[in-house]
>>> print(open('input.cif').read())   # mmCIF, C-alpha atoms and all ligand atoms
data_entry
#
loop_
_atom_site.label_atom_id
_atom_site.label_comp_id
_atom_site.auth_asym_id
_atom_site.auth_seq_id
_atom_site.Cartn_x
_atom_site.Cartn_y
_atom_site.Cartn_z
CA MET T 1 94.07 87.81 129.93
CA SER T 2 95.68 85.49 127.38
CA ASP T 3 93.28 82.69 128.34
CA ALA T 4 90.52 84.63 126.63
CA LEU T 5 92.61 85.22 123.52
CA GLU T 6 91.57 83.67 120.26
CA SER T 7 93.74 82.87 117.32
CA GLY T 8 93.71 85.95 115.06
CA ASP T 9 93.54 88.55 117.86
CA LYS T 10 96.07 91.38 117.62
CA VAL T 11 98.35 91.44 120.69
CA GLU T 12 101.41 93.07 122.20
CA VAL T 13 103.67 90.75 124.14
CA GLN T 14 106.30 91.91 126.66
CA TRP T 15 109.07 89.33 126.62
CA LYS T 16 112.34 89.83 128.52
CA GLY T 17 111.86 93.61 128.27
CA THR T 18 111.10 93.62 124.49
CA THR T 19 107.67 94.33 123.02
CA PHE T 20 106.45 92.17 120.12
CA SER T 21 103.28 93.04 118.19
CA GLY T 22 101.51 90.50 116.07
CA MET T 23 98.66 88.09 115.71
CA PHE T 24 98.02 85.64 118.52
CA ILE T 25 98.23 82.05 117.25
CA SER T 26 98.25 79.76 120.29
CA LYS T 27 99.39 79.21 123.85
CA ASP T 28 100.15 75.97 125.69
CA GLU T 29 101.71 75.33 129.09
CA LYS T 30 105.15 76.38 127.94
CA ILE T 31 104.98 78.44 124.79
CA THR T 32 103.01 81.32 123.30
CA VAL T 33 103.12 81.64 119.51
CA ILE T 34 102.46 84.91 117.69
CA LYS T 35 102.69 85.72 114.01
CA LEU T 36 104.69 88.86 113.22
CA GLN T 37 103.78 91.35 110.48
CA ASN T 38 106.51 89.94 108.24
CA GLY T 39 104.83 86.54 108.32
CA TYR T 40 107.20 84.75 110.65
CA ASN T 41 105.94 82.90 113.69
CA LEU T 42 107.60 83.66 117.00
CA SER T 43 107.54 81.17 119.85
CA LEU T 44 108.09 82.75 123.28
CA GLU T 45 108.49 80.84 126.57
CA ASN T 46 105.69 81.75 128.92
CA VAL T 47 108.04 82.08 131.90
CA SER T 48 109.76 85.07 130.31
CA ILE T 49 106.53 86.84 129.27
CA SER T 50 105.59 89.63 131.67
CA SER T 51 102.36 90.64 129.91
CA ILE T 52 100.19 90.00 126.86
CA ASN T 53 97.92 92.90 125.94
CA LEU T 54 95.01 92.57 123.62
CA ILE T 55 95.15 95.36 121.01
CA SER T 56 92.11 94.34 118.97
CA LYS T 57 89.91 91.30 118.72
CA TYR T 58 90.03 89.14 115.64
CA SER T 59 87.28 90.70 113.59
CA PRO T 60 85.25 89.38 110.68
CA LYS T 61 86.09 92.68 108.95
CA ASN T 62 89.54 91.26 108.31
CA VAL T 63 88.24 88.08 106.82
CA VAL T 64 88.16 89.01 103.20
CA ARG T 65 90.71 91.74 102.52
CA GLY T 66 94.36 92.35 103.17
CA ASN T 67 97.35 93.97 101.55
CA MET T 68 101.11 93.94 101.44
CA THR T 69 103.42 96.66 100.20
CA GLY T 70 106.43 95.50 98.24
CA LYS T 71 108.49 96.15 95.15
CA GLY T 72 107.14 95.96 91.61
CA LYS T 73 103.86 96.34 89.78
CA HIS T 74 100.66 95.99 91.79
CA VAL T 75 98.82 92.65 91.60
CA PHE T 76 95.44 91.54 92.90
CA LEU T 77 95.36 88.17 94.67
CA LEU T 78 92.07 86.33 94.85
CA GLY T 79 91.91 83.42 97.28
CA THR T 80 89.48 80.58 96.63
CA GLY T 81 90.92 78.00 99.05
CA GLY T 82 92.83 74.76 98.50
CA THR T 83 96.11 73.64 99.98
CA ILE T 84 97.96 76.78 98.89
CA ALA T 85 95.81 78.94 101.17
CA SER T 86 96.20 76.76 104.22
CA TYR T 87 98.34 77.15 107.28
CA VAL T 88 99.21 74.92 110.20
CA ASP T 89 97.05 75.13 113.30
CA TYR T 90 99.54 74.97 116.15
CA GLU T 91 97.01 73.61 118.62
CA THR T 92 96.07 70.53 116.67
CA GLY T 93 98.88 70.29 114.13
CA ALA T 94 96.20 70.13 111.44
CA VAL T 95 96.40 72.04 108.18
CA LYS T 96 93.52 74.52 107.96
CA PRO T 97 92.46 77.03 105.34
CA ALA T 98 93.64 80.59 106.05
CA ARG T 99 90.69 82.52 107.44
CA THR T 100 91.79 85.96 106.44
CA ALA T 101 93.43 87.48 103.41
CA GLN T 102 96.04 88.90 105.78
CA GLU T 103 96.80 85.42 107.12
CA MET T 104 97.24 84.28 103.55
CA LEU T 105 99.71 87.09 102.88
CA TYR T 106 101.51 86.56 106.20
CA ALA T 107 102.19 83.01 105.09
CA GLN T 108 103.90 84.35 101.95
CA PRO T 109 106.32 87.10 103.12
CA ASP T 110 108.50 86.58 100.01
CA LEU T 111 105.86 88.12 97.80
CA ALA T 112 106.97 91.57 98.92
CA ARG T 113 110.17 90.98 96.91
CA VAL T 114 108.21 91.17 93.68
CA ALA T 115 104.96 93.09 94.13
CA SER T 116 102.56 95.13 96.15
CA VAL T 117 99.55 92.95 96.63
CA ASP T 118 95.91 93.49 97.54
CA ALA T 119 94.32 90.24 98.57
CA GLU T 120 90.76 89.15 98.92
CA ILE T 121 89.32 85.80 99.89
CA ILE T 122 86.26 85.15 97.77
CA LEU T 123 85.90 81.48 98.75
CA ASN T 124 87.53 79.21 101.23
CA ILE T 125 86.91 75.76 99.90
CA LEU T 126 88.66 72.71 98.60
CA SER T 127 88.26 72.71 94.87
CA GLU T 128 86.30 69.45 94.81
CA ASP T 129 83.51 71.58 96.36
CA MET T 130 83.61 74.18 93.59
CA LYS T 131 80.29 74.78 91.81
CA LYS T 132 79.53 76.32 88.42
CA SER T 133 78.08 79.38 90.17
CA ASP T 134 81.50 79.82 91.86
CA TRP T 135 83.12 80.12 88.42
CA ILE T 136 80.73 82.95 87.64
CA ASN T 137 81.48 84.75 90.91
CA ILE T 138 85.22 84.38 90.35
CA ALA T 139 84.85 85.62 86.74
CA LYS T 140 82.93 88.71 87.87
CA LYS T 141 85.55 89.64 90.44
CA VAL T 142 88.41 89.02 88.00
CA PHE T 143 86.66 91.10 85.31
CA GLU T 144 86.31 94.03 87.73
CA LYS T 145 90.07 93.99 88.36
CA ILE T 146 91.37 93.40 84.86
CA ASN T 147 89.13 96.21 83.64
CA GLN T 148 91.34 98.43 85.77
CA LYS T 149 94.31 96.83 83.97
CA GLU T 150 95.40 95.09 87.12
CA GLY T 151 96.89 91.58 86.80
CA VAL T 152 95.09 88.98 88.89
CA VAL T 153 96.40 85.84 90.57
CA ILE T 154 93.83 83.30 91.70
CA THR T 155 94.88 80.76 94.28
CA HIS T 156 92.96 77.51 93.96
CA GLY T 157 92.93 73.84 94.90
CA THR T 158 94.68 71.58 92.42
CA ASP T 159 91.94 68.96 91.96
CA THR T 160 89.54 70.93 89.76
CA LEU T 161 91.85 73.75 88.77
CA SER T 162 91.68 72.88 85.07
CA PHE T 163 87.88 73.19 85.14
CA THR T 164 88.07 76.69 86.64
CA SER T 165 90.90 77.77 84.34
CA SER T 166 88.96 76.74 81.25
CA ALA T 167 85.68 78.19 82.55
CA LEU T 168 87.41 81.56 83.08
CA SER T 169 89.03 81.33 79.65
CA PHE T 170 85.58 81.18 78.06
CA LEU T 171 83.75 83.55 80.41
CA ILE T 172 86.25 86.39 79.91
CA GLU T 173 87.06 87.34 76.32
CA ASN T 174 90.12 89.49 75.47
CA PRO T 175 91.38 90.04 79.02
CA GLU T 176 93.06 93.45 79.30
CA ALA T 177 95.45 92.16 81.94
CA PRO T 178 96.81 88.74 82.89
CA ILE T 179 94.60 86.21 84.64
CA VAL T 180 96.86 83.70 86.37
CA ILE T 181 95.89 80.70 88.45
CA THR T 182 98.18 78.85 90.79
CA ALA T 183 97.94 76.18 93.47
CA SER T 184 100.13 73.88 95.50
CA GLN T 185 100.39 70.17 96.06
CA ARG T 186 102.01 70.57 99.51
CA SER T 187 100.82 73.09 102.09
CA PRO T 188 102.95 76.14 102.96
CA ASP T 189 103.91 74.81 106.41
CA ARG T 190 105.84 71.89 104.86
CA PRO T 191 109.51 72.29 103.98
CA SER T 192 108.83 70.67 100.60
CA SER T 193 105.97 73.04 99.82
CA ASP T 194 105.67 74.24 96.26
CA ALA T 195 103.40 77.10 97.36
CA PHE T 196 106.03 79.86 97.57
CA PHE T 197 107.69 79.38 94.20
CA ASN T 198 104.38 78.79 92.43
CA LEU T 199 102.81 81.90 93.92
CA THR T 200 105.79 84.19 93.40
CA GLY T 201 106.11 82.99 89.79
CA ALA T 202 102.37 83.51 89.27
CA VAL T 203 102.66 87.08 90.57
CA LYS T 204 105.49 87.75 88.11
CA VAL T 205 103.34 86.42 85.24
CA ALA T 206 100.46 88.63 86.44
CA GLN T 207 102.79 91.62 85.93
CA SER T 208 103.42 90.68 82.27
CA ASP T 209 101.50 91.32 79.01
CA LEU T 210 99.72 87.95 79.04
CA GLY T 211 96.29 88.30 77.43
CA GLU T 212 94.80 84.89 78.25
CA VAL T 213 94.29 82.67 81.28
CA GLY T 214 97.61 81.12 82.36
CA VAL T 215 98.28 78.50 85.01
CA VAL T 216 101.63 78.60 86.79
CA MET T 217 102.86 75.40 88.47
CA HIS T 218 106.10 73.48 89.08
CA SER T 219 107.59 72.04 85.90
CA SER T 220 109.93 69.64 87.67
CA THR T 221 110.15 68.27 91.18
CA SER T 222 112.81 70.83 92.15
CA ASP T 223 112.38 74.51 92.80
CA ASP T 224 114.09 75.58 89.59
CA ILE T 225 111.49 76.01 86.88
CA LEU T 226 107.77 76.68 86.56
CA ASP T 227 105.58 76.00 83.55
CA ILE T 228 103.00 78.50 82.35
CA HIS T 229 100.15 76.47 80.88
CA SER T 230 97.30 77.74 78.74
CA GLY T 231 94.14 77.60 80.88
CA VAL T 232 92.41 75.42 78.27
CA ARG T 233 95.18 72.87 77.73
CA LEU T 234 96.22 71.37 81.02
CA ARG T 235 95.51 68.44 83.29
CA LYS T 236 96.55 67.36 86.78
CA MET T 237 98.40 64.16 85.88
CA HIS T 238 99.63 63.02 89.28
CA SER T 239 97.89 62.92 92.62
CA SER T 240 100.81 64.09 94.74
CA ARG T 241 103.93 65.14 92.79
CA ARG T 242 104.84 68.82 92.70
CA ASP T 243 105.12 68.67 88.90
CA ALA T 244 101.63 67.17 88.56
CA PHE T 245 100.34 69.60 85.92
CA LYS T 246 101.10 69.03 82.26
CA SER T 247 100.00 70.76 79.10
CA VAL T 248 98.13 68.23 76.96
CA ASN T 249 98.06 68.33 73.16
CA SER T 250 100.11 71.55 73.25
CA GLU T 251 103.27 72.93 74.80
CA PRO T 252 103.33 75.18 77.87
CA ILE T 253 103.05 78.79 76.73
CA GLY T 254 106.14 79.75 78.71
CA THR T 255 108.32 79.06 81.74
CA VAL T 256 109.55 81.00 84.77
CA ASP T 257 113.09 80.26 85.89
CA GLY T 258 114.61 80.24 89.39
CA ASN T 259 115.47 83.96 89.09
CA LEU T 260 111.81 84.62 88.29
CA ASP T 261 112.57 85.56 84.69
CA ILE T 262 109.84 84.65 82.23
CA HIS T 263 110.65 82.84 78.97
CA TRP T 264 107.68 82.98 76.63
CA LYS T 265 106.96 80.50 73.88
CA LYS T 266 103.70 80.98 71.97
CA TYR T 267 101.19 83.01 73.98
CA GLU T 268 98.39 85.54 73.56
CA LYS T 269 99.34 89.10 74.42
CA VAL T 270 96.95 91.72 75.73
CA ASN T 271 95.49 92.98 72.44
CA GLY T 272 93.70 96.19 73.35
CA LYS T 273 90.28 94.89 72.20
CA PRO T 274 87.47 95.46 74.69
CA THR T 275 87.24 92.81 77.39
CA LYS T 276 83.90 91.03 77.55
CA LEU T 277 82.43 89.18 80.49
CA TYR T 278 79.87 86.43 79.91
CA ASP T 279 78.13 86.10 83.23
CA LYS T 280 75.97 83.04 82.67
CA ILE T 281 76.58 79.33 82.65
CA SER T 282 74.23 76.44 81.97
CA GLU T 283 73.68 74.05 84.85
CA LYS T 284 72.16 71.60 82.40
CA VAL T 285 75.32 70.28 80.84
CA GLY T 286 76.88 67.00 82.00
CA LEU T 287 80.12 65.12 81.49
CA LEU T 288 79.89 61.35 81.15
CA TYR T 289 82.77 58.89 81.07
CA PHE T 290 81.82 55.95 78.90
CA TYR T 291 82.75 52.48 80.23
CA PRO T 292 81.91 48.91 79.30
CA GLY T 293 78.84 48.10 81.37
CA LEU T 294 77.35 51.61 81.34
CA SER T 295 73.63 50.99 81.48
CA GLU T 296 71.09 52.49 79.14
CA GLU T 297 69.08 53.53 82.19
CA ILE T 298 71.91 55.64 83.50
CA PHE T 299 72.46 57.19 80.10
CA ASN T 300 68.73 57.98 79.83
CA LYS T 301 68.63 59.57 83.27
CA PHE T 302 71.63 61.64 82.36
CA ALA T 303 70.08 62.65 79.06
CA GLU T 304 66.78 63.60 80.70
CA THR T 305 68.42 66.08 83.05
CA ASN T 306 70.77 67.77 80.58
CA ASP T 307 70.42 69.93 77.47
CA GLY T 308 73.97 69.12 76.48
CA ILE T 309 76.29 66.20 77.14
CA ILE T 310 80.02 65.82 76.74
CA LEU T 311 81.09 62.22 76.47
CA ALA T 312 84.58 61.01 77.20
CA GLY T 313 84.64 58.12 74.78
CA THR T 314 87.15 55.32 74.29
CA GLY T 315 90.09 55.55 71.88
CA LEU T 316 89.23 57.65 68.85
CA GLY T 317 86.01 58.73 70.59
CA HIS T 318 83.70 55.73 70.68
CA ILE T 319 80.74 54.60 72.73
CA SER T 320 78.94 51.30 72.38
CA ASN T 321 76.59 50.90 69.43
CA ARG T 322 73.91 49.97 72.03
CA PHE T 323 73.40 53.68 72.71
CA LEU T 324 72.97 54.91 69.16
CA SER T 325 69.19 55.11 69.06
CA GLN T 326 69.09 57.01 72.38
CA VAL T 327 71.78 59.35 71.13
CA LYS T 328 69.83 59.97 67.93
CA ASP T 329 66.59 60.69 69.84
CA TYR T 330 68.50 63.15 72.00
CA THR T 331 70.07 65.10 69.14
CA ASP T 332 66.80 64.95 67.11
CA ASP T 333 65.31 66.80 70.09
CA GLY T 334 67.73 69.69 69.39
CA LYS T 335 70.07 68.78 72.25
CA ILE T 336 73.83 68.58 71.91
CA ILE T 337 76.29 65.71 72.36
CA GLY T 338 80.01 66.37 71.93
CA ILE T 339 82.59 63.61 72.02
CA THR T 340 86.12 63.73 73.43
CA THR T 341 88.58 60.96 74.22
CA GLN T 342 89.57 59.35 77.50
CA CYS T 343 93.05 58.95 75.98
CA LEU T 344 93.58 62.72 76.50
CA TYR T 345 96.47 62.78 74.03
CA GLY T 346 95.59 62.89 70.33
CA GLU T 347 92.25 63.73 68.79
CA VAL T 348 88.95 62.00 68.24
CA ASN T 349 88.28 60.66 64.78
CA LEU T 350 84.86 59.23 63.99
CA GLU T 351 85.69 58.46 60.37
CA VAL T 352 87.83 55.39 60.98
CA TYR T 353 85.52 52.71 62.43
CA THR T 354 81.87 51.94 61.68
CA THR T 355 81.02 52.82 65.28
CA GLY T 356 82.32 56.34 64.74
CA ARG T 357 80.43 56.77 61.47
CA ASN T 358 77.23 55.57 63.16
CA MET T 359 77.82 58.08 65.92
CA LEU T 360 78.20 60.86 63.36
CA ASP T 361 74.92 59.76 61.75
CA ALA T 362 73.32 59.92 65.19
CA GLY T 363 74.33 63.58 65.48
CA VAL T 364 77.38 63.40 67.76
CA ILE T 365 79.82 66.31 67.37
CA PRO T 366 83.52 65.31 67.35
CA LEU T 367 85.58 67.74 69.42
CA HIS T 368 89.05 67.26 67.95
CA ASP T 369 91.77 67.27 70.64
CA MET T 370 89.82 69.21 73.28
CA LEU T 371 90.12 67.82 76.80
CA PRO T 372 86.86 66.45 78.29
CA GLU T 373 86.71 69.01 81.12
CA VAL T 374 87.42 71.84 78.69
CA ALA T 375 84.62 70.67 76.40
CA TYR T 376 82.34 70.44 79.43
CA THR T 377 83.04 74.00 80.62
CA LYS T 378 82.83 75.25 77.03
CA LEU T 379 79.41 73.73 76.38
CA SER T 380 78.19 75.02 79.78
CA PHE T 381 79.38 78.50 78.77
CA LEU T 382 77.86 78.25 75.27
CA LEU T 383 74.44 77.05 76.42
CA GLY T 384 74.45 79.66 79.19
CA ASN T 385 75.05 82.58 76.83
CA PHE T 386 73.85 81.60 73.32
CA ASP T 387 70.92 79.85 71.68
CA HIS T 388 71.19 76.14 70.87
CA ASP T 389 72.08 76.60 67.19
CA THR T 390 74.88 79.03 67.94
CA ALA T 391 76.13 76.79 70.75
CA ARG T 392 76.15 73.79 68.40
CA ASN T 393 78.05 75.76 65.74
CA LEU T 394 80.65 77.10 68.14
CA LEU T 395 81.31 73.90 70.10
CA ALA T 396 83.80 72.45 67.62
CA LYS T 397 85.27 75.85 66.60
CA ASN T 398 88.41 77.14 68.20
CA LEU T 399 87.53 80.10 70.47
CA ARG T 400 90.37 80.33 73.02
CA GLY T 401 93.05 77.94 71.76
CA GLU T 402 91.19 74.96 73.28
CA LEU T 403 91.39 72.80 70.17
CA SER T 404 93.48 72.30 67.09
CA GLU T 405 91.09 71.90 64.21
CA ARG T 406 93.53 69.72 62.33
CA ARG T 407 96.35 67.77 63.91
CA THR T 408 99.18 66.13 62.04
CA GLU T 409 100.14 63.52 64.66
N1 LIG Q 501 91.71 68.62 97.28
C1 LIG Q 501 92.43 69.85 97.31
C2 LIG Q 501 91.76 70.84 96.38
O1 LIG Q 501 91.71 70.65 95.21
C3 LIG Q 501 93.85 69.67 96.93
C4 LIG Q 501 94.59 70.98 96.77
O2 LIG Q 501 94.32 71.94 97.41
O3 LIG Q 501 95.47 71.06 95.96
O4 LIG Q 501 91.30 71.86 96.83
#
>>> encode(input="input.cif", output="structure tokens")
Amino acid sequence: MSDALESGDKVEVQWKGTTFSGMFISKDEKITVIKLQNGYNLSLENVSISSINLISKYSPKNVVRGNMTGKGKHVFLLGTGGTIASYVDYETGAVKPARTAQEMLYAQPDLARVASVDAEIILNILSEDMKKSDWINIAKKVFEKINQKEGVVITHGTDTLSFTSSALSFLIENPEAPIVITASQRSPDRPSSDAFFNLTGAVKVAQSDLGEVGVVMHSSTSDDILDIHSGVRLRKMHSSRRDAFKSVNSEPIGTVDGNLDIHWKKYEKVNGKPTKLYDKISEKVGLLYFYPGLSEEIFNKFAETNDGIILAGTGLGHISNRFLSQVKDYTDDGKIIGITTQCLYGEVNLEVYTTGRNMLDAGVIPLHDMLPEVAYTKLSFLLGNFDHDTARNLLAKNLRGELSERRTE
């Protein structure tokens, strides 16, 4: 019978007179592996197995929802994919995304120490495949939960996490419960995985009074402290280290220590004002990194297809003077160009060099110390939900803590 079993089927295995119930994972010539309810994998030698009974087939019904009863305030876990949601496939040794919410929870048995969790998988993708419409779907689901005053943890890939965190920051105003995003650089099957600490810390933050989007990730390379970043102020600064995420142009809003105690710095608390969901986003906003050699043709193509452009300029926020007449034509047409800096740290200042002054004359909007991806999600949100004039007026105004209107350093 076990030959017909598929990974995910519920089974009962008789082994040396003991019955084990769990989820079938794999079977080779020597060993059968099942996953127990508590999340642990059990490897049993085939010679000692007297029977394997199928209890129920793996069913698509289980794909999206699961739950786990534990101690502490209830939290909703929304899976979108990425390394944190993956598990090892014992047949191939490859790391695969968890197919079911229950699989995702099974891989994280420690969560029961801190919370009861309902989990749902809304997406199962690597974050480089995330689309703007996905941000809207995530925002709608999160809004539904926080309206019931339930803290939400979103698991996500690390690569484009800061895009999603800032998109959610704009799309949901005055959240009535915490919205927390976490991820991992190393998958949960690896001894050095950061998934467990990040996720458990994120769940603790989702039980707090946080009233903004927070991102919880390792602060150092050891498992001793997590940073809580504002969703509009962070960047993945390293391709592989566990402490890859840093707050840029601001401090983390808090930390979580090894005992899972939270130490807040400056953060927004739930404020009791009604939560508002903005459920639209403009697809006609682009983000362009300026570089020496950028051709006018490329710029024109880009301009033709977008109603708004965020430029990541050099230094204080410059682009070559060669583009000024095109930029002027574009803004004269009522379209919007905002400028940020590739330097990331510090703010743009178009008053220092002639280039900057010419850019101002051509209608470019300087965006202070806002990160390029944050400016990009912000303009996409603004043009999706407001008319052009309002969008232009709000772009350089601080809405969610995404910019400091005046910096001193
Ligand atoms: N490329 C992956 C992603 O962003 C890496 C990760 O999961 O962290 O989804």
>>> residues_around(input="input.cif", residues="Ile25 of chain T", least_positions_apart="4", cutoff="7 Å", atoms="only C-alpha atoms", output="list of chain:residue names")
T:Ser7, T:Gly8, T:Val33, T:Ile34, T:Lys35
>>> closest_residue(input="input.cif", among="T:Glu120, T:Tyr106, T:Thr158, T:Val13", to="ligand LIG 501 (chain Q)", atoms="all atoms listed in the file")
T:Thr158
>>> atom_distance(input="input.cif", atom1="atom CA of Leu54 of chain T", atom2="atom CA of Pro109 of chain T")
24.0 Å
>>> axis_aligned_box(input="input.cif", around="ligand LIG 501 (chain Q)", padding_each_side="6 Å", output="JSON")
{"center_x": 93.4, "center_y": 70.3, "center_z": 96.3, "size_x": 16.2, "size_y": 15.3, "size_z": 14.2}
>>> residues_around(input="input.cif", residues="Glu6 of chain T", least_positions_apart="2", cutoff="8 Å", atoms="only C-alpha atoms", output="tab-separated table (two decimals) with C-alpha atoms, keeping the file's coordinate frame")
chain	number	residue	atom	x	y	z
T	4	ALA	CA	90.52	84.63	126.63
T	8	GLY	CA	93.71	85.95	115.06
T	9	ASP	CA	93.54	88.55	117.86
T	24	PHE	CA	98.02	85.64	118.52
T	25	ILE	CA	98.23	82.05	117.25
T	26	SER	CA	98.25	79.76	120.29
T	57	LYS	CA	89.91	91.30	118.72
T	58	TYR	CA	90.03	89.14	115.64
>>> atom_distance(input="input.cif", atom1="atom CA of Lys141 of chain T", atom2="atom CA of Tyr267 of chain T")
23.7 Å
>>> atom_distance(input="input.cif", atom1="atom CA of Leu78 of chain T", atom2="atom CA of Asn398 of chain T")
28.4 Å
>>> closest_atom_pairs(input="input.cif", of="chain T", to="ligand LIG 501 (chain Q)", cutoff="8 Å", atoms="all atoms listed in the file", output="Markdown table")
| residue | atom | partner | partner_atom | distance |
| --- | --- | --- | --- | --- |
| T:Gly81 | CA | Q:LIG501 | O4 | 6.5 |
| T:Gly82 | CA | Q:LIG501 | O2 | 3.4 |
| T:Thr83 | CA | Q:LIG501 | O2 | 3.6 |
| T:Ile84 | CA | Q:LIG501 | O2 | 6.2 |
| T:Ile125 | CA | Q:LIG501 | O4 | 6.6 |
| T:Leu126 | CA | Q:LIG501 | O4 | 3.3 |
| T:Ser127 | CA | Q:LIG501 | O4 | 3.7 |
| T:Glu128 | CA | Q:LIG501 | O1 | 5.6 |
| T:Asp129 | CA | Q:LIG501 | O4 | 7.8 |
| T:His156 | CA | Q:LIG501 | O4 | 6.6 |
| T:Gly157 | CA | Q:LIG501 | O4 | 3.2 |
| T:Thr158 | CA | Q:LIG501 | O3 | 3.7 |
| T:Asp159 | CA | Q:LIG501 | O1 | 3.7 |
| T:Thr160 | CA | Q:LIG501 | O1 | 5.9 |
| T:Leu161 | CA | Q:LIG501 | O1 | 7.1 |
| T:Ala183 | CA | Q:LIG501 | O3 | 6.2 |
| T:Ser184 | CA | Q:LIG501 | O3 | 5.5 |
| T:Gln185 | CA | Q:LIG501 | O3 | 5.0 |
| T:Arg186 | CA | Q:LIG501 | O3 | 7.5 |
>>> closest_residue(input="input.cif", among="T:Thr305, T:Ser21, T:Thr314, T:Ser187", to="Ser240 of chain T", atoms="all atoms listed in the file")
T:Ser187
>>> closest_residue(input="input.cif", among="T:Ser239, T:Tyr291, T:Val114, T:Thr331", to="Asn259 of chain T", atoms="all atoms listed in the file")
T:Val114
>>> build_atoms(input="input.cif", residues="segment 53-58 of chain T", atoms="all heavy atoms", output="PDB file, in the frame of the given file")
ATOM      1  N   ASN T  53      99.061  91.969 126.024  1.00  0.00           N
ATOM      2  CA  ASN T  53      97.920  92.900 125.940  1.00  0.00           C
ATOM      3  C   ASN T  53      97.160  92.719 124.648  1.00  0.00           C
ATOM      4  O   ASN T  53      97.754  92.657 123.569  1.00  0.00           O
ATOM      5  CB  ASN T  53      98.415  94.354 126.019  1.00  0.00           C
ATOM      6  CG  ASN T  53      98.983  94.642 127.381  1.00  0.00           C
ATOM      7  OD1 ASN T  53      98.443  94.175 128.388  1.00  0.00           O
ATOM      8  ND2 ASN T  53     100.100  95.364 127.419  1.00  0.00           N
ATOM      9  N   LEU T  54      95.858  92.664 124.808  1.00  0.00           N
ATOM     10  CA  LEU T  54      95.010  92.570 123.620  1.00  0.00           C
ATOM     11  C   LEU T  54      94.913  93.952 122.975  1.00  0.00           C
ATOM     12  O   LEU T  54      94.538  94.930 123.626  1.00  0.00           O
ATOM     13  CB  LEU T  54      93.616  92.085 124.039  1.00  0.00           C
ATOM     14  CG  LEU T  54      92.587  92.048 122.922  1.00  0.00           C
ATOM     15  CD1 LEU T  54      92.903  90.954 121.912  1.00  0.00           C
ATOM     16  CD2 LEU T  54      91.191  91.835 123.506  1.00  0.00           C
ATOM     17  N   ILE T  55      95.262  94.068 121.711  1.00  0.00           N
ATOM     18  CA  ILE T  55      95.150  95.360 121.010  1.00  0.00           C
ATOM     19  C   ILE T  55      93.802  95.425 120.289  1.00  0.00           C
ATOM     20  O   ILE T  55      93.075  96.398 120.398  1.00  0.00           O
ATOM     21  CB  ILE T  55      96.294  95.534 119.972  1.00  0.00           C
ATOM     22  CG1 ILE T  55      97.651  95.384 120.662  1.00  0.00           C
ATOM     23  CG2 ILE T  55      96.207  96.868 119.245  1.00  0.00           C
ATOM     24  CD1 ILE T  55      97.898  96.374 121.797  1.00  0.00           C
ATOM     25  N   SER T  56      93.456  94.379 119.559  1.00  0.00           N
ATOM     26  CA  SER T  56      92.110  94.340 118.970  1.00  0.00           C
ATOM     27  C   SER T  56      91.711  92.885 118.760  1.00  0.00           C
ATOM     28  O   SER T  56      92.564  92.028 118.495  1.00  0.00           O
ATOM     29  CB  SER T  56      92.053  95.114 117.662  1.00  0.00           C
ATOM     30  OG  SER T  56      92.948  94.550 116.748  1.00  0.00           O
ATOM     31  N   LYS T  57      90.422  92.663 118.888  1.00  0.00           N
ATOM     32  CA  LYS T  57      89.910  91.300 118.720  1.00  0.00           C
ATOM     33  C   LYS T  57      89.959  90.939 117.248  1.00  0.00           C
ATOM     34  O   LYS T  57      89.808  91.790 116.370  1.00  0.00           O
ATOM     35  CB  LYS T  57      88.444  91.215 119.176  1.00  0.00           C
ATOM     36  CG  LYS T  57      88.207  91.106 120.649  1.00  0.00           C
ATOM     37  CD  LYS T  57      88.879  89.935 121.315  1.00  0.00           C
ATOM     38  CE  LYS T  57      88.242  88.568 121.068  1.00  0.00           C
ATOM     39  NZ  LYS T  57      89.089  87.493 121.679  1.00  0.00           N
ATOM     40  N   TYR T  58      90.139  89.654 116.989  1.00  0.00           N
ATOM     41  CA  TYR T  58      90.030  89.140 115.640  1.00  0.00           C
ATOM     42  C   TYR T  58      88.639  89.520 115.129  1.00  0.00           C
ATOM     43  O   TYR T  58      87.639  89.295 115.816  1.00  0.00           O
ATOM     44  CB  TYR T  58      90.169  87.621 115.664  1.00  0.00           C
ATOM     45  CG  TYR T  58      89.773  86.958 114.379  1.00  0.00           C
ATOM     46  CD1 TYR T  58      90.613  87.026 113.282  1.00  0.00           C
ATOM     47  CD2 TYR T  58      88.566  86.283 114.265  1.00  0.00           C
ATOM     48  CE1 TYR T  58      90.246  86.446 112.093  1.00  0.00           C
ATOM     49  CE2 TYR T  58      88.197  85.698 113.077  1.00  0.00           C
ATOM     50  CZ  TYR T  58      89.039  85.781 111.997  1.00  0.00           C
ATOM     51  OH  TYR T  58      88.681  85.202 110.813  1.00  0.00           O
TER      52      TYR T  58
END
